[in-house]
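Visitor: What follows is a single structure, and I will ask about it in a moment.
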Amino acid sequence: MKSVVIIGCGAAGMMAALAAAREGAQTTVLEMGRKPGRKLLLTGNSRCNLTTLDPDLCSRYQSLGDSSCSSFVRTVYEGFSVRDTLQLFEDCGLLTMTEHGSWVYPVTGRSESVLGVLLRELRRLKVRMKYNVEVTQISRQDGMWQVQTEGWSYPCDSVVIACGSRAVPSTGSNGSGYELCRGLGLDVTDILPALTAVSCRLEREDCLPYTPGMSTQSAAGGKKGGSAAPDPLALAAGTRASAAVSVYTDGVLTASERGQVQFTQTGISGIVVFNMSRYTVRALHEGKDVRIQLDLLPDVPLEKLTETLLRLHNLRPEDSMRDLLTGILAPGLIPLFENEPDCRRTAERIKALELQALGHRDFDNCQVCAGGVRLTELYPRTMECVRSDLRGIHIAGELVDVDGPCGGYNLQWAWASGYVAGRHAAM
Ligand SMILES: Cc1cc2nc3c(=O)[nH]c(=O)nc-3n(C[C@H](O)[C@H](O)[C@H](O)COP(=O)(O)OP(=O)(O)OC[C@H]3O[C@@H](n4cnc5c(N)ncnc54)[C@H](O)[C@@H]3O)c2cc1C
């Protein structure tokens with residue numbers, strides 16, 4: 001019987017343990033926290049959007065260090081697909097439901113239910129669970145892998161490293177997995193926050209230069225050489241609006257998506273902004289100029305909007321722009337345009353409000369990280385390391401340089417890469 005040690009009891013680690021135990025391996029999970037699945041419990045506003053029914057899901061992933069990310073993910077999903085995820089959870093006794101056509105949640109609306117059925121299955125399969133043990137090193141001795149913690153060493157045939165990223169370190173993912181991998185000589189890319197809010201300004205001349213790692217507060221809290229005038233964008237803070245969001249990097253359209261934008265004191269947030277942040281953060285990190293364009297009335301053509309404003313203005317020449325916009329924009333957005341005297345110009349700005357991206361939130365305030373163990377270090381069919389001296393070392397979950405948008409993509413990656421890694425670690 002093969003012995004497998006899984007490092008980390010998050011989504012990927014639990015799935016790896018389940019797969020290894022199903023293959024008949026003696027399976028041990030080492031988790032440095034006091035409890036399993038702390039991040040899993042936070043997912044989907046504690047409702048857990050556990051996978052996606054998007055038929056084109058592979059194309060939605062990206063990696064920081066490798067352009068062939070989609071084909072890597074596709075190969076992993078040939079080993080464990082969305083259908084396999086749904087079947088596995090159904091077999092474990094979890095009933096699911098779908099929202100917005102593709103977002104899958106447990107019918108209970110509680111992430112605890114997802115964690116609960118996984119732990120029940122791991123108990124049934126007699127997986128050994130050890131909590132409060134932080135793995136500090138992995139080494140090779142006498143033909144076995146030695147997984148070392150403070151005060152103990154676990155010898156085994158194979159290891160699955162599933163320590164997560166640096167996103168929300170209070171859940172346990174403090175970046176120590178990257179150090180374990182570097183300790184084995186694996187190539188790890190830069191690590192950046194992804195799926196996070198973006199700080200930005202309306203007026204170009206008010207903008208501070210971007211400094212990597214800058215917090216939202218510092219990004220929007222001051223102006224060169226003196227006290228800051230509040231950015232007009234802050235006037236919209238607290239407003240939510242349906243918009244089409246486009247990101248331009250050094251003047252080139254990089255990504256666009258429609259959804260609900262939330263205006264904050266320092267910039268913009270919301271699912272669509274999180275998804276766009278995957279491009280924004282990376283471009284800012286590379287020192288590029290990033291503009292975010294908002295079409296605040298995506299269903300109204302520019303001509304129709306211009307014609308409406310001109311008509312209203314002709315009917316009521318004494319009305320201010322604020323009055324003219326009453327039936328056109330959400331009240332919270334009107335202050336952004338009320339000082340504009342020209343109807344045509346107002347219509348153009350509503351259809352293409354240009355913001356300059358200044359920074360982003362930190363690792364405490366992002367949902368996932370971009371970057372990780374380089375894809376060229378791993379076989380996608382097994383998630384095992386390519387290097388011959390690292391045979392038996394498998395890597396899964398967010399620790400790998402793969403990240404997806406909001407909507408169940410990241411958990412699907414954790415389940416699939418975990419399952420494939422655990423299964424092959426046990427073979
Ligand atoms: C607020 C929030 C909401 C989210 N919502 C969704 C959602 O609805 N749908 C979705 O698809 N994705 C969502 N995500 C992303 C998703 O949760 C993660 O991508 C996924 O949980 C990553 O799983 P993982 O197992 O790779 O890492 P983690 O869940 O981070 O697990 C890693 C585990 O390893 C342990 N560990 C780390 N280092 C060591 C060590 N040296 N020794 C021992 N143990 C160690 C940690 O304590 C941790 O328990 C969300 C993320 C956040 C933060």
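Ordering of the structure tokens sets the chain letters (A, B, ...), residue numbers begin anew at 1 in every chain, and ligands are numbered from 1 in the order given.
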Residues of region 225-283 of chain A in strand (DSSP E or B) according to DSSP, as a list in words?
Guide: Gly226, Arg240, Ala241, Ser242, Ala243, Ala244, Val245, Ser246, Val247, Tyr248, Thr249, Val252, Leu253, Thr254, Ala255, Ser256, Glu257, Arg258, Gly259, Gln260, Val261, Gln262, Phe263, Gly267, Ile268 and Ser269 of chain A
Visitor: For region 38-55 of chain A, work out the shell of residues within 8 Å, counting only C-alpha atoms and skipping chain neighbours fewer than 2 positions away, then give it as a list in words.
Guide: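 Residues near the query, excluding close chain neighbours: Gly10, Ala11, Lys35, Pro36, Leu57, Val82, Thr85, Gly101, Ser102, Trp103, Val104, Tyr105, Pro106, Gly109, Arg110, Ser111, Glu112, Val114, Leu115, Thr171, Gly172, Gly407, Gly408, Tyr409, Asn410, Leu411 and Gln412 of chain A.
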Visitor: With only C-alpha atoms and all ligand atoms as the atoms that count, which of A:Ser417, A:Ser320, A:Ser71, A:Thr249 lies nearest to ligand 1?
Guide: A:Ser417
Visitor: List the spatial neighbours of Ala16 (chain A) as a list in words - criterion: any atom at most 6 Å away, only C-alpha atoms, same-chain residues fewer than 2 positions off excluded.
Guide: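 Those residues are Gly13, Met14, Leu18, Ala19, Gly418, Tyr419 and Gly422 of chain A.
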Visitor: Keeping only N, CA and C atoms, write those residues as a short mmCIF file (atom, residue, chain, number, x, y, z; two decimals), in the first residue's frame.
Guide:
```cif
data_model
loop_
_atom_site.label_atom_id
_atom_site.label_comp_id
_atom_site.auth_asym_id
_atom_site.auth_seq_id
_atom_site.Cartn_x
_atom_site.Cartn_y
_atom_site.Cartn_z
N GLY A 13 -6.50 20.25 -0.99
CA GLY A 13 -5.94 19.21 -0.13
C GLY A 13 -6.97 18.15 0.22
N MET A 14 -8.19 18.59 0.54
CA MET A 14 -9.24 17.61 0.90
C MET A 14 -9.58 16.72 -0.30
N LEU A 18 -9.11 12.70 -0.59
CA LEU A 18 -10.22 11.83 -0.96
C LEU A 18 -9.83 10.91 -2.12
N ALA A 19 -9.18 11.49 -3.12
CA ALA A 19 -8.80 10.70 -4.30
C ALA A 19 -7.73 9.67 -3.94
N GLY A 418 -6.63 19.04 -7.36
CA GLY A 418 -6.46 18.23 -6.15
C GLY A 418 -6.75 16.76 -6.42
N TYR A 419 -7.85 16.51 -7.10
CA TYR A 419 -8.23 15.12 -7.35
C TYR A 419 -7.18 14.41 -8.21
N GLY A 422 -3.98 13.86 -6.15
CA GLY A 422 -4.12 12.82 -5.12
C GLY A 422 -4.21 11.43 -5.72
#
```
Visitor: Can you tell me, as a ChimeraX atom specification, what residues are no more than 10 Å from Leu180 (chain A) when counting only C-alpha atoms, ignoring any on the same chain fewer than 2 positions away?
Guide: /A:135-138,161,163,175-178,182-186
Visitor: Write out, as an mmCIF file, in the first residue's frame, the residues just selected, with C-alpha atoms.
Guide:
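Heads up, here's the output in again01.cif:
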```
data_model
loop_
_atom_site.group_PDB
_atom_site.id
_atom_site.type_symbol
_atom_site.label_atom_id
_atom_site.label_comp_id
_atom_site.auth_asym_id
_atom_site.auth_seq_id
_atom_site.Cartn_x
_atom_site.Cartn_y
_atom_site.Cartn_z
ATOM 1 C CA VAL A 135 5.191 21.657 7.389
ATOM 2 C CA THR A 136 8.570 23.364 7.251
ATOM 3 C CA GLN A 137 10.545 21.229 4.812
ATOM 4 C CA ILE A 138 10.321 18.345 2.379
ATOM 5 C CA ILE A 161 1.521 20.155 -1.683
ATOM 6 C CA CYS A 163 -0.913 25.049 0.745
ATOM 7 C CA GLY A 175 2.543 31.866 1.366
ATOM 8 C CA SER A 176 4.552 29.141 3.107
ATOM 9 C CA GLY A 177 3.701 26.753 0.255
ATOM 10 C CA TYR A 178 5.761 28.878 -2.131
ATOM 11 C CA ARG A 182 11.298 26.961 -3.709
ATOM 12 C CA GLY A 183 13.074 24.752 -1.153
ATOM 13 C CA LEU A 184 12.661 21.866 -3.606
ATOM 14 C CA GLY A 185 14.190 24.022 -6.346
ATOM 15 C CA LEU A 186 10.884 24.665 -8.145
#
```
Visitor: For CA of Ala194 (chain A) and atom 29 (O, counted along the ligand's line) of ligand 1, determine how far apart the two atoms are, in Å to one decimal place.
Guide: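 Interatomic distance here is 15.1 Å.
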Visitor: Give the alpha helix (DSSP H) residues of region 129-373 of chain A, as assigned by DSSP on the backbone, as an NGL selection string.
Guide: :A and (176-183 or 216-220 or 271-285 or 302-315 or 321-324 or 343-351)
Visitor: Which neighbours of region 378-385 of chain A fall inside 9 Å, counting only C-alpha atoms, when residues of the same chain fewer than 3 positions from it are skipped, and could you give them as a PyMOL selection string?
Guide: chain A and resi 72-79+160+186+373-375+388-396+417-418+420-425
Visitor: Give me the residues within 8 Å of Ser269 (chain A) as JSON, numbers by chain, counting only C-alpha atoms and dropping any in the same chain fewer than 6 places off.
Guide: {"A": [196, 197, 198, 261, 262, 263]}
Visitor: Rounded to one decimal, what separation in Å do you get between CA of Ala167 (chain A) and CA of Ile268 (chain A)?
Guide: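 One can read the CA of Ala167 (chain A) to CA of Ile268 (chain A) distance as 19.6 Å.
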Visitor: Rank nothing, just name the residue among A:Val368, A:Leu353, A:Leu233, A:Leu296 nearest to Leu399 (chain A), using only C-alpha atoms.
Guide: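 Ranking A:Val368, A:Leu353, A:Leu233, A:Leu296 by distance to Leu399 (chain A), first place goes to A:Val368.
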